[in-house]
$ cat structure-v3.pdb   # PDB, C-alpha atoms and all ligand atoms
ATOM      1  CA  MET A   1       2.395 178.551-225.967
ATOM      2  CA  LYS A   2       1.803 175.057-227.400
ATOM      3  CA  ALA A   3       2.731 172.147-225.136
ATOM      4  CA  ILE A   4       5.257 170.860-227.682
ATOM      5  CA  SER A   5       7.123 174.207-227.663
ATOM      6  CA  LEU A   6       7.134 174.238-223.855
ATOM      7  CA  ALA A   7       8.370 170.634-223.926
ATOM      8  CA  ARG A   8      11.190 171.446-226.373
ATOM      9  CA  ASN A   9      12.440 174.241-224.091
ATOM     10  CA  TYR A  10      12.069 171.998-221.069
ATOM     11  CA  ILE A  11      13.993 169.122-222.691
ATOM     12  CA  ARG A  12      16.795 171.476-223.740
ATOM     13  CA  LEU A  13      17.064 172.778-220.187
ATOM     14  CA  GLU A  14      17.034 169.341-218.503
ATOM     15  CA  THR A  15      19.547 168.019-221.040
ATOM     16  CA  SER A  16      21.976 170.820-220.240
ATOM     17  CA  LEU A  17      21.511 170.300-216.477
ATOM     18  CA  TYR A  18      22.278 166.570-216.813
ATOM     19  CA  ARG A  19      25.241 167.286-219.133
ATOM     20  CA  GLU A  20      26.755 169.671-216.575
ATOM     21  CA  ALA A  21      26.212 167.103-213.811
ATOM     22  CA  ALA A  22      27.841 164.379-215.941
ATOM     23  CA  GLU A  23      30.917 166.594-216.427
ATOM     24  CA  LYS A  24      31.142 167.042-212.656
ATOM     25  CA  SER A  25      30.598 163.404-211.826
ATOM     26  CA  PRO A  26      31.010 161.019-214.794
ATOM     27  CA  ARG A  27      30.849 157.905-212.594
ATOM     28  CA  VAL A  28      27.447 158.824-211.124
ATOM     29  CA  ALA A  29      26.247 159.776-214.601
ATOM     30  CA  LYS A  30      27.201 156.408-216.052
ATOM     31  CA  ARG A  31      25.371 154.549-213.297
ATOM     32  CA  ARG A  32      22.363 156.765-212.603
ATOM     33  CA  PHE A  33      21.598 158.780-215.738
ATOM     34  CA  PRO A  34      23.241 157.402-218.873
ATOM     35  CA  THR A  35      22.229 159.389-221.963
ATOM     36  CA  GLY A  36      20.234 156.481-223.404
ATOM     37  CA  ARG A  37      18.020 156.239-220.318
ATOM     38  CA  GLN A  38      17.510 160.000-220.203
ATOM     39  CA  ARG A  39      16.354 159.902-223.822
ATOM     40  CA  ILE A  40      13.612 157.352-223.054
ATOM     41  CA  TRP A  41      11.891 159.661-220.559
ATOM     42  CA  LEU A  42      12.494 162.856-222.522
ATOM     43  CA  ARG A  43      11.034 161.256-225.649
ATOM     44  CA  ARG A  44       7.970 160.270-223.626
ATOM     45  CA  THR A  45       7.691 163.865-222.400
ATOM     46  CA  ALA A  46       7.709 165.144-225.996
ATOM     47  CA  ARG A  47       5.184 162.483-227.060
ATOM     48  CA  LEU A  48       2.808 163.406-224.224
ATOM     49  CA  SER A  49       3.045 167.109-225.029
ATOM     50  CA  LYS A  50       2.121 166.364-228.675
ATOM     51  CA  TRP A  51      -0.830 164.260-227.501
ATOM     52  CA  LEU A  52      -2.053 167.120-225.284
ATOM     53  CA  ASP A  53      -1.753 169.604-228.172
ATOM     54  CA  GLN A  54      -3.665 167.245-230.460
ATOM     55  CA  ASN A  55      -6.382 166.980-227.832
ATOM     56  CA  GLY A  56      -6.616 170.739-227.354
ATOM     57  CA  VAL A  57      -5.370 170.721-223.745
ATOM     58  CA  GLU A  58      -3.550 173.877-222.688
ATOM     59  CA  VAL A  59      -0.552 173.145-220.482
ATOM     60  CA  PRO A  60       0.387 175.533-217.626
ATOM     61  CA  ALA A  61       3.955 176.811-218.204
ATOM     62  CA  LYS A  62       4.761 176.343-214.516
ATOM     63  CA  ILE A  63       4.777 172.527-214.668
ATOM     64  CA  MET A  64       7.166 172.684-217.633
ATOM     65  CA  SER A  65      10.140 173.832-215.571
ATOM     66  CA  PRO A  66      12.618 171.483-213.867
ATOM     67  CA  TYR A  67      12.496 170.803-210.129
ATOM     68  CA  GLU A  68      14.870 173.314-208.570
ATOM     69  CA  LEU A  69      17.035 170.493-207.329
ATOM     70  CA  ASP A  70      20.590 169.906-208.437
ATOM     71  CA  VAL A  71      20.817 166.759-210.613
ATOM     72  CA  LEU A  72      23.400 165.118-208.348
ATOM     73  CA  GLU A  73      21.140 165.928-205.380
ATOM     74  CA  ARG A  74      18.227 164.219-207.205
ATOM     75  CA  CYS A  75      20.438 161.125-207.475
ATOM     76  CA  ARG A  76      21.635 161.340-203.876
ATOM     77  CA  ALA A  77      17.985 161.575-202.782
ATOM     78  CA  ARG A  78      17.426 158.297-204.717
ATOM     79  CA  ILE A  79      14.583 159.643-206.821
ATOM     80  CA  PRO A  80      14.125 157.095-209.639
ATOM     81  CA  LEU A  81      15.316 158.696-212.915
ATOM     82  CA  LYS A  82      11.804 158.506-214.402
ATOM     83  CA  TYR A  83      10.443 160.613-211.531
ATOM     84  CA  GLN A  84      13.245 163.205-211.715
ATOM     85  CA  TYR A  85      11.506 164.877-214.668
ATOM     86  CA  ARG A  86       8.818 167.249-213.446
ATOM     87  CA  ALA A  87       7.262 167.713-216.880
ATOM     88  CA  LEU A  88       6.925 163.964-217.375
ATOM     89  CA  ASN A  89       5.356 163.476-213.913
ATOM     90  CA  ALA A  90       2.973 166.325-214.567
ATOM     91  CA  LEU A  91       2.071 165.700-218.228
ATOM     92  CA  ARG A  92       1.337 162.024-217.510
ATOM     93  CA  GLU A  93      -1.237 163.091-214.915
ATOM     94  CA  MET A  94      -2.599 165.868-217.129
ATOM     95  CA  ALA A  95      -3.246 163.377-219.892
ATOM     96  CA  ARG A  96      -4.900 160.952-217.457
ATOM     97  CA  THR A  97      -7.011 163.765-216.033
ATOM     98  CA  HIS A  98      -8.078 164.804-219.528
ATOM     99  CA  VAL A  99      -9.199 161.226-220.190
ATOM    100  CA  LEU A 100     -10.896 160.524-216.844
ATOM    101  CA  PHE A 101     -11.841 163.878-215.289
ATOM    102  CA  PRO A 102     -11.765 166.530-218.055
ATOM    103  CA  GLU A 103     -13.947 168.851-215.975
ATOM    104  CA  LEU A 104     -11.011 169.382-213.578
ATOM    105  CA  LEU A 105      -9.031 171.059-216.389
ATOM    106  CA  ALA A 106     -11.981 173.053-217.659
ATOM    107  CA  GLY A 107     -12.538 175.630-214.948
ATOM    108  CA  ASP A 108     -14.775 173.448-212.779
ATOM    109  CA  GLU A 109     -15.307 174.447-209.116
ATOM    110  CA  PRO A 110     -12.252 173.639-206.955
ATOM    111  CA  ALA A 111     -12.415 169.986-205.916
ATOM    112  CA  GLU A 112     -10.983 168.137-202.911
ATOM    113  CA  ILE A 113      -8.960 165.223-204.216
ATOM    114  CA  ILE A 114      -6.930 162.558-202.457
ATOM    115  CA  ASP A 115      -4.139 160.690-204.262
ATOM    116  CA  LEU A 116      -3.507 157.592-202.145
ATOM    117  CA  SER A 117      -0.252 156.406-203.751
ATOM    118  CA  ALA A 118       0.995 159.691-205.095
ATOM    119  CA  GLY A 119       4.530 158.680-206.187
ATOM    120  CA  GLY A 120       6.088 161.694-207.922
ATOM    121  CA  CYS A 121       3.000 163.811-207.035
ATOM    122  CA  GLY A 122       2.249 164.892-210.609
ATOM    123  CA  ASN A 123      -1.470 165.042-209.785
ATOM    124  CA  ALA A 124      -0.918 167.519-206.962
ATOM    125  CA  ASP A 125       1.446 169.583-209.132
ATOM    126  CA  VAL A 126      -0.960 169.783-212.074
ATOM    127  CA  LEU A 127      -4.309 170.005-210.319
ATOM    128  CA  GLY A 128      -2.984 172.594-207.869
ATOM    129  CA  GLN A 129      -2.464 174.897-210.889
ATOM    130  CA  TYR A 130      -6.244 174.737-211.473
ATOM    131  CA  GLY A 131      -7.107 175.604-207.857
ATOM    132  CA  HIS A 132      -7.939 172.046-206.775
ATOM    133  CA  LYS A 133      -6.810 170.856-203.362
ATOM    134  CA  VAL A 134      -4.889 167.581-203.604
ATOM    135  CA  GLU A 135      -3.951 165.643-200.493
ATOM    136  CA  VAL A 136      -1.045 163.262-201.133
ATOM    137  CA  CYS A 137      -0.438 159.940-199.403
ATOM    138  CA  ASP A 138       1.976 157.104-199.983
ATOM    139  CA  TYR A 139       3.426 154.033-198.386
ATOM    140  CA  HIS A 140       6.569 154.688-196.413
ATOM    141  CA  ASP A 141       8.400 151.659-195.148
ATOM    142  CA  ALA A 142      11.509 152.888-193.393
ATOM    143  CA  ASN A 143      13.094 149.428-193.715
ATOM    144  CA  ALA A 144      12.505 149.032-197.437
ATOM    145  CA  ILE A 145      15.337 149.369-199.937
ATOM    146  CA  ASN A 146      13.799 152.371-201.647
ATOM    147  CA  PRO A 147      11.394 153.836-199.107
ATOM    148  CA  VAL A 148       8.984 156.438-200.412
ATOM    149  CA  GLY A 149       9.880 158.738-197.550
ATOM    150  CA  HIS A 150      13.363 158.895-199.012
ATOM    151  CA  SER A 151      12.811 158.587-202.725
ATOM    152  CA  TYR A 152      10.204 161.320-203.140
ATOM    153  CA  THR A 153      10.895 163.547-200.118
ATOM    154  CA  GLU A 154      12.850 166.109-202.124
ATOM    155  CA  ILE A 155       9.973 166.426-204.611
ATOM    156  CA  HIS A 156       7.495 166.875-201.730
ATOM    157  CA  LYS A 157       9.710 169.606-200.282
ATOM    158  CA  PHE A 158      10.029 171.373-203.630
ATOM    159  CA  LEU A 159       6.262 171.254-204.218
ATOM    160  CA  GLY A 160       5.518 172.198-200.596
ATOM    161  CA  LEU A 161       3.507 169.005-199.992
ATOM    162  CA  GLU A 162       3.001 167.061-196.800
ATOM    163  CA  CYS A 163       2.833 163.381-197.743
ATOM    164  CA  ARG A 164       0.698 161.338-195.356
ATOM    165  CA  PHE A 165       1.483 157.686-194.607
ATOM    166  CA  PHE A 166      -0.990 155.242-196.163
ATOM    167  CA  ASP A 167      -0.952 151.460-196.470
ATOM    168  CA  GLY A 168      -3.505 150.218-198.990
ATOM    169  CA  ARG A 169      -3.373 146.705-197.496
ATOM    170  CA  ASP A 170      -4.787 147.994-194.241
ATOM    171  CA  LEU A 171      -8.576 148.016-194.736
ATOM    172  CA  PRO A 172     -10.714 149.868-193.692
ATOM    173  CA  TYR A 173      -8.956 153.113-194.480
ATOM    174  CA  ALA A 174      -8.755 155.894-191.897
ATOM    175  CA  PHE A 175     -10.724 158.488-193.878
ATOM    176  CA  PRO A 176     -14.288 159.530-193.011
ATOM    177  CA  ASP A 177     -17.236 158.785-195.316
ATOM    178  CA  GLU A 178     -17.469 161.160-198.277
ATOM    179  CA  SER A 179     -14.480 163.197-197.075
ATOM    180  CA  HIS A 180     -13.090 163.902-200.585
ATOM    181  CA  ASP A 181     -14.723 164.666-203.929
ATOM    182  CA  ILE A 182     -12.405 162.359-205.859
ATOM    183  CA  VAL A 183     -10.213 159.469-204.687
ATOM    184  CA  LEU A 184      -7.322 158.418-206.936
ATOM    185  CA  VAL A 185      -5.302 155.202-206.970
ATOM    186  CA  TYR A 186      -3.038 155.221-209.999
ATOM    187  CA  GLN A 187      -0.832 152.209-210.740
ATOM    188  CA  ALA A 188      -0.943 150.990-207.150
ATOM    189  CA  ILE A 189      -4.071 148.923-206.364
ATOM    190  CA  ASP A 190      -2.077 145.752-207.101
ATOM    191  CA  ALA A 191       0.081 146.644-204.065
ATOM    192  CA  TYR A 192      -3.066 146.835-201.912
ATOM    193  CA  GLY A 193      -4.032 143.200-202.481
ATOM    194  CA  PRO A 194      -4.869 140.500-205.050
ATOM    195  CA  VAL A 195      -7.495 141.157-207.747
ATOM    196  CA  ALA A 196     -10.127 139.288-205.712
ATOM    197  CA  LEU A 197      -9.803 142.001-203.047
ATOM    198  CA  TRP A 198     -10.056 144.933-205.466
ATOM    199  CA  TYR A 199     -13.860 144.772-205.330
ATOM    200  CA  ASP A 200     -13.838 145.477-201.571
ATOM    201  CA  ILE A 201     -11.150 148.116-202.081
ATOM    202  CA  VAL A 202     -13.289 149.907-204.679
ATOM    203  CA  ASP A 203     -16.248 149.841-202.223
ATOM    204  CA  GLU A 204     -13.966 151.383-199.603
ATOM    205  CA  LEU A 205     -12.713 154.071-202.022
ATOM    206  CA  LEU A 206     -16.313 154.873-202.982
ATOM    207  CA  ARG A 207     -17.187 155.210-199.297
ATOM    208  CA  ILE A 208     -14.515 157.928-198.987
ATOM    209  CA  ALA A 209     -15.471 159.674-202.244
ATOM    210  CA  ARG A 210     -18.291 162.184-202.576
ATOM    211  CA  ARG A 211     -18.268 161.957-206.377
ATOM    212  CA  SER A 212     -15.831 159.569-208.044
ATOM    213  CA  VAL A 213     -12.961 157.145-207.878
ATOM    214  CA  GLY A 214     -10.165 157.080-210.491
ATOM    215  CA  LEU A 215      -8.004 154.022-211.084
ATOM    216  CA  VAL A 216      -5.100 153.307-213.401
ATOM    217  CA  LEU A 217      -4.196 149.622-213.272
ATOM    218  CA  ASN A 218      -0.687 148.203-213.468
ATOM    219  CA  PRO A 219       0.035 145.231-215.731
ATOM    220  CA  ALA A 220      -0.764 141.858-214.134
ATOM    221  CA  VAL A 221       2.088 140.534-211.985
ATOM    222  CA  PRO A 222       3.129 137.837-212.578
ATOM    223  CA  ARG A 223       1.980 138.187-216.176
ATOM    224  CA  THR A 224       0.143 134.877-216.355
ATOM    225  CA  THR A 225      -2.936 134.155-218.459
ATOM    226  CA  GLU A 226      -4.829 133.547-215.232
ATOM    227  CA  ASN A 227      -3.902 136.935-213.727
ATOM    228  CA  GLU A 228      -4.666 138.733-216.984
ATOM    229  CA  ALA A 229      -8.075 137.031-217.130
ATOM    230  CA  LEU A 230      -8.822 138.069-213.525
ATOM    231  CA  MET A 231      -7.950 141.673-214.349
ATOM    232  CA  ALA A 232     -10.048 141.648-217.515
ATOM    233  CA  ALA A 233     -12.967 140.254-215.479
ATOM    234  CA  PHE A 234     -12.498 142.991-212.870
ATOM    235  CA  ILE A 235     -12.676 145.680-215.562
ATOM    236  CA  GLN A 236     -15.770 144.076-217.091
ATOM    237  CA  ASP A 237     -17.448 143.782-213.666
ATOM    238  CA  MET A 238     -16.719 147.444-212.917
ATOM    239  CA  ARG A 239     -18.236 148.411-216.248
ATOM    240  CA  ARG A 240     -21.339 146.253-215.724
ATOM    241  CA  ASP A 241     -21.952 146.631-211.973
ATOM    242  CA  ARG A 242     -20.556 150.102-211.304
ATOM    243  CA  ASN A 243     -21.163 151.676-214.684
ATOM    244  CA  ALA A 244     -17.419 152.454-214.846
ATOM    245  CA  PHE A 245     -16.068 154.524-217.711
ATOM    246  CA  VAL A 246     -13.095 152.568-219.070
ATOM    247  CA  SER A 247     -10.294 154.096-221.118
ATOM    248  CA  THR A 248      -6.498 153.867-221.381
ATOM    249  CA  CYS A 249      -3.710 156.016-219.996
ATOM    250  CA  PRO A 250      -2.265 157.982-222.947
ATOM    251  CA  GLU A 251       1.300 157.535-221.680
ATOM    252  CA  THR A 252       1.434 153.951-220.452
ATOM    253  CA  SER A 253      -1.532 152.450-222.370
ATOM    254  CA  LEU A 254      -2.658 150.915-219.076
ATOM    255  CA  PRO A 255      -6.384 150.568-218.292
ATOM    256  CA  ALA A 256      -7.862 153.713-216.726
ATOM    257  CA  LEU A 257     -11.246 153.640-214.966
ATOM    258  CA  ARG A 258     -13.615 156.278-213.630
ATOM    259  CA  ILE A 259     -16.279 155.075-211.254
ATOM    260  CA  ASP A 260     -18.928 157.615-210.287
ATOM    261  CA  LYS A 261     -21.169 157.239-207.254
TER     262      LYS A 261
HETATM  263  C1  LIG B 301       4.063 152.503-209.916
HETATM  264  S1  LIG B 301       4.059 153.639-208.564
HETATM  265  C2  LIG B 301       2.742 154.702-209.063
HETATM  266  C3  LIG B 301       2.915 156.088-208.560
HETATM  267  C4  LIG B 301       1.923 157.123-209.121
HETATM  268  N1  LIG B 301       0.580 156.908-208.624
HETATM  269  C5  LIG B 301       1.919 157.095-210.636
HETATM  270  O1  LIG B 301       0.925 156.679-211.235
HETATM  271  O2  LIG B 301       2.951 157.497-211.214
HETATM  272  C6  LIG B 301       3.334 152.661-207.287
HETATM  273  C7  LIG B 301       3.018 153.434-206.025
HETATM  274  O3  LIG B 301       2.392 152.564-205.082
HETATM  275  C8  LIG B 301       2.893 152.843-203.799
HETATM  276  N2  LIG B 301       2.666 151.700-202.901
HETATM  277  C9  LIG B 301       3.373 150.546-202.836
HETATM  278  N3  LIG B 301       2.882 149.758-201.840
HETATM  279  C10 LIG B 301       1.836 150.434-201.282
HETATM  280  C11 LIG B 301       0.942 150.170-200.206
HETATM  281  N4  LIG B 301       1.019 149.041-199.507
HETATM  282  N5  LIG B 301       0.015 151.106-199.901
HETATM  283  C12 LIG B 301      -0.048 152.274-200.581
HETATM  284  N6  LIG B 301       0.767 152.574-201.608
HETATM  285  C13 LIG B 301       1.700 151.674-201.962
HETATM  286  C14 LIG B 301       4.378 153.139-204.068
HETATM  287  O4  LIG B 301       4.971 153.799-202.984
HETATM  288  C15 LIG B 301       4.264 153.981-205.335
HETATM  289  O5  LIG B 301       4.049 155.341-205.035
END

$ encode --input "structure-v3.pdb" --output "structure tokens" --more "lines below"
Ligand SMILES: C[S@@+](CC[C@H](N)C(=O)[O-])C[C@H]1O[C@@H](n2cnc3c(N)ncnc32)[C@H](O)[C@@H]1O
Amino acid sequence: MKAISLARNYIRLETSLYREAAEKSPRVAKRRFPTGRQRIWLRRTARLSKWLDQNGVEVPAKIMSPYELDVLERCRARIPLKYQYRALNALREMARTHVLFPELLAGDEPAEIIDLSAGGCGNADVLGQYGHKVEVCDYHDANAINPVGHSYTEIHKFLGLECRFFDGRDLPYAFPDESHDIVLVYQAIDAYGPVALWYDIVDELLRIARRSVGLVLNPAVPRTTENEALMAAFIQDMRRDRNAFVSTCPETSLPALRIDK
């Protein structure tokens, strides 16, 4: 079935689940999942599915079914609304994989991948369907307002994943040399340190990787001309010195880089 048809069914199903939950608890609905905010993410899900169809990527039906987690439970578990949608988490990573590592969706040998700031774990969900082994890590600060251990735990449980603690600021990282085929850091390297440190971080990620490193960069924060220039220079340096392949994430339009060893 085409991705857009799977997405239409998925959106219908999620919409009815959220409608039922809103009838049960209108106050929570107003605060945590107003219809307008739901529409933003569901529209993005439909847009991504169209993009995948246009690019000839077949989508596994399994990732196009909601997390078996009651909507009010998703809210109680403090999963950000954006990450409550399995298809969005998964399709975003499918599209990024198609751009950066198409071989992983094309029947390549099973690879050992580590996702260092896995968030909603879309990579593990998608790549697991293709037989790849994805280890997930993330930063868990028990004292933070929205600690990862709390906000994504229910997704980890549903997907049967053990999420390992990882702090990207703490160099060197506790992984042996060449212990994984591919090392991923999507929309998180800015939390590991300032741009000036990214060069050392990339060296460290390449030490851990047997084959490649994948990065998706967040927008510069704060969004000053100086920070944007530093990021642009980083991308250019990666292209020149590391022969990086540079593209953009089809969902977020953020810079996406593949650096091979
Ligand atoms: C914008 S989210 C990206 C999540 C996911 N990779 C994605 O692309 O959807 C940023 C991620 O960085 C993680 N993070 C924040 N500080 C971190 C740190 N010091 N070390 C490792 N990860 C961190 C967060 O927990 C979160 O999962």

$ resolve_selection --input "structure-v3.pdb" --expression "the PyMOL selection byres (((not hetatm)) within 10 of (chain B and resi 301))" --output "JSON, numbers by chain"
{"A": [82, 83, 88, 89, 90, 92, 93, 96, 115, 116, 117, 118, 119, 120, 121, 122, 123, 136, 137, 138, 139, 140, 141, 146, 147, 148, 149, 151, 152, 165, 166, 167, 168, 169, 170, 184, 185, 186, 187, 188, 189, 190, 191, 192, 193, 215, 216, 217, 218, 249, 252]}

$ resolve_selection --input "structure-v3.pdb" --expression "the PyMOL selection byres (((chain A and resi 94) around 10) and not hetatm)" --output "PyMOL selection string"
chain A and resi 48-49+52+57-59+88-93+95-102+104-105+122-123+125-127+250

$ atom_distance --input "structure-v3.pdb" --atom1 "atom CA of Ser16 of chain A" --atom2 "atom CA of Met64 of chain A"
15.2 Å

$ closest_residue --input "structure-v3.pdb" --among "A:Tyr67, A:Leu254, A:Thr15, A:Val195" --to "Lys157 of chain A" --atoms "all atoms listed in the file"
A:Tyr67

$ resolve_selection --input "structure-v3.pdb" --expression "the PyMOL selection byres (((chain A and resi 24-33) around 12) and not hetatm)" --output "ChimeraX atom specification"
/A:14-15,17-23,34-41,70-82,84-85

$ closest_residue --input "structure-v3.pdb" --among "A:Ala61, A:Val183, A:Leu42, A:Leu230" --to "Ser5 of chain A" --atoms "all atoms listed in the file"
A:Ala61

$ residues_around --input "structure-v3.pdb" --residues "Ser212 of chain A" --least-positions-apart "3" --cutoff "6 Å" --atoms "all atoms listed in the file" --output "list of chain:residue names"
A:Ile182, A:Ala209, A:Ile259, A:Asp260, A:Lys261

$ write_last_selection --input "structure-v3.pdb" --atoms "C-alpha atoms" --output "PDB file, keeping the file's coordinate frame"
ATOM      1  CA  ILE A 182     -12.405 162.359-205.859  1.00  0.00           C
ATOM      2  CA  ALA A 209     -15.471 159.674-202.244  1.00  0.00           C
ATOM      3  CA  ILE A 259     -16.279 155.075-211.254  1.00  0.00           C
ATOM      4  CA  ASP A 260     -18.928 157.615-210.287  1.00  0.00           C
ATOM      5  CA  LYS A 261     -21.169 157.239-207.254  1.00  0.00           C
TER       6      LYS A 261
END

$ atom_distance --input "structure-v3.pdb" --atom1 "atom CA of Ile113 of chain A" --atom2 "atom CA of Pro219 of chain A"
24.8 Å

$ closest_residue --input "structure-v3.pdb" --among "A:Ile63, A:Leu69, A:Ala3, A:Ala111" --to "Arg210 of chain A" --atoms "all atoms listed in the file"
A:Ala111

$ closest_residue --input "structure-v3.pdb" --among "A:Ala106, A:Ile4, A:Leu159, A:Ile235" --to "Gly128 of chain A" --atoms "all atoms listed in the file"
A:Leu159

$ residues_around --input "structure-v3.pdb" --residues "Ser247 of chain A" --least-positions-apart "2" --cutoff "7 Å" --atoms "only C-alpha atoms" --output "list in words"
Phe245, Cys249, Pro255, Ala256 and Leu257 of chain A

$ atom_distance --input "structure-v3.pdb" --atom1 "atom CA of Asp108 of chain A" --atom2 "atom CA of Gly214 of chain A"
17.2 Å

$ closest_residue --input "structure-v3.pdb" --among "A:Val221, A:Tyr199, A:Arg207, A:Pro172" --to "Gln236 of chain A" --atoms "all atoms listed in the file"
A:Tyr199

$ residues_around --input "structure-v3.pdb" --residues "Pro110 of chain A" --least-positions-apart "4" --cutoff "9 Å" --atoms "all atoms listed in the file" --output "PDB file with C-alpha atoms, in the coordinates of the input"
ATOM      1  CA  LEU A 104     -11.011 169.382-213.578  1.00  0.00           C
ATOM      2  CA  TYR A 130      -6.244 174.737-211.473  1.00  0.00           C
ATOM      3  CA  GLY A 131      -7.107 175.604-207.857  1.00  0.00           C
ATOM      4  CA  HIS A 132      -7.939 172.046-206.775  1.00  0.00           C
ATOM      5  CA  LYS A 133      -6.810 170.856-203.362  1.00  0.00           C
TER       6      LYS A 133
END

$ build_atoms --input "structure-v3.pdb" --residues "segment 113-133 of chain A" --atoms "N, CA and C atoms" --output "short mmCIF file (atom, residue, chain, number, x, y, z; two decimals), keeping the file's coordinate frame"
data_model
loop_
_atom_site.label_atom_id
_atom_site.label_comp_id
_atom_site.auth_asym_id
_atom_site.auth_seq_id
_atom_site.Cartn_x
_atom_site.Cartn_y
_atom_site.Cartn_z
N ILE A 113 -9.39 166.49 -203.61
CA ILE A 113 -8.96 165.22 -204.22
C ILE A 113 -7.95 164.57 -203.29
N ILE A 114 -7.99 163.24 -203.21
CA ILE A 114 -6.93 162.56 -202.46
C ILE A 114 -6.27 161.53 -203.38
N ASP A 115 -4.93 161.60 -203.43
CA ASP A 115 -4.14 160.69 -204.26
C ASP A 115 -3.45 159.74 -203.28
N LEU A 116 -3.91 158.48 -203.24
CA LEU A 116 -3.51 157.59 -202.14
C LEU A 116 -2.11 156.99 -202.30
N SER A 117 -1.63 156.89 -203.53
CA SER A 117 -0.25 156.41 -203.75
C SER A 117 0.39 157.37 -204.73
N ALA A 118 0.74 158.53 -204.22
CA ALA A 118 1.00 159.69 -205.10
C ALA A 118 2.31 159.63 -205.87
N GLY A 119 3.26 158.79 -205.45
CA GLY A 119 4.53 158.68 -206.19
C GLY A 119 5.17 160.05 -206.37
N GLY A 120 5.43 160.41 -207.62
CA GLY A 120 6.09 161.69 -207.92
C GLY A 120 5.18 162.91 -207.80
N CYS A 121 3.93 162.71 -207.35
CA CYS A 121 3.00 163.81 -207.04
C CYS A 121 2.63 164.70 -208.22
N GLY A 122 2.65 164.13 -209.42
CA GLY A 122 2.25 164.89 -210.61
C GLY A 122 0.82 165.40 -210.51
N ASN A 123 -0.07 164.59 -209.90
CA ASN A 123 -1.47 165.04 -209.78
C ASN A 123 -1.57 166.32 -208.96
N ALA A 124 -0.85 166.33 -207.83
CA ALA A 124 -0.92 167.52 -206.96
C ALA A 124 -0.32 168.72 -207.69
N ASP A 125 0.78 168.49 -208.42
CA ASP A 125 1.45 169.58 -209.13
C ASP A 125 0.51 170.17 -210.18
N VAL A 126 -0.10 169.30 -210.99
CA VAL A 126 -0.96 169.78 -212.07
C VAL A 126 -2.26 170.37 -211.54
N LEU A 127 -2.96 169.59 -210.70
CA LEU A 127 -4.31 170.00 -210.32
C LEU A 127 -4.28 171.23 -209.41
N GLY A 128 -3.16 171.38 -208.68
CA GLY A 128 -2.98 172.59 -207.87
C GLY A 128 -2.99 173.85 -208.75
N GLN A 129 -2.51 173.73 -209.99
CA GLN A 129 -2.46 174.90 -210.89
C GLN A 129 -3.88 175.34 -211.27
N TYR A 130 -4.85 174.43 -211.11
CA TYR A 130 -6.24 174.74 -211.47
C TYR A 130 -7.08 175.06 -210.23
N GLY A 131 -6.40 175.22 -209.08
CA GLY A 131 -7.11 175.60 -207.86
C GLY A 131 -7.68 174.44 -207.07
N HIS A 132 -7.42 173.19 -207.53
CA HIS A 132 -7.94 172.05 -206.78
C HIS A 132 -7.01 171.75 -205.60
N LYS A 133 -7.61 171.17 -204.55
CA LYS A 133 -6.81 170.86 -203.36
C LYS A 133 -6.52 169.36 -203.41
#
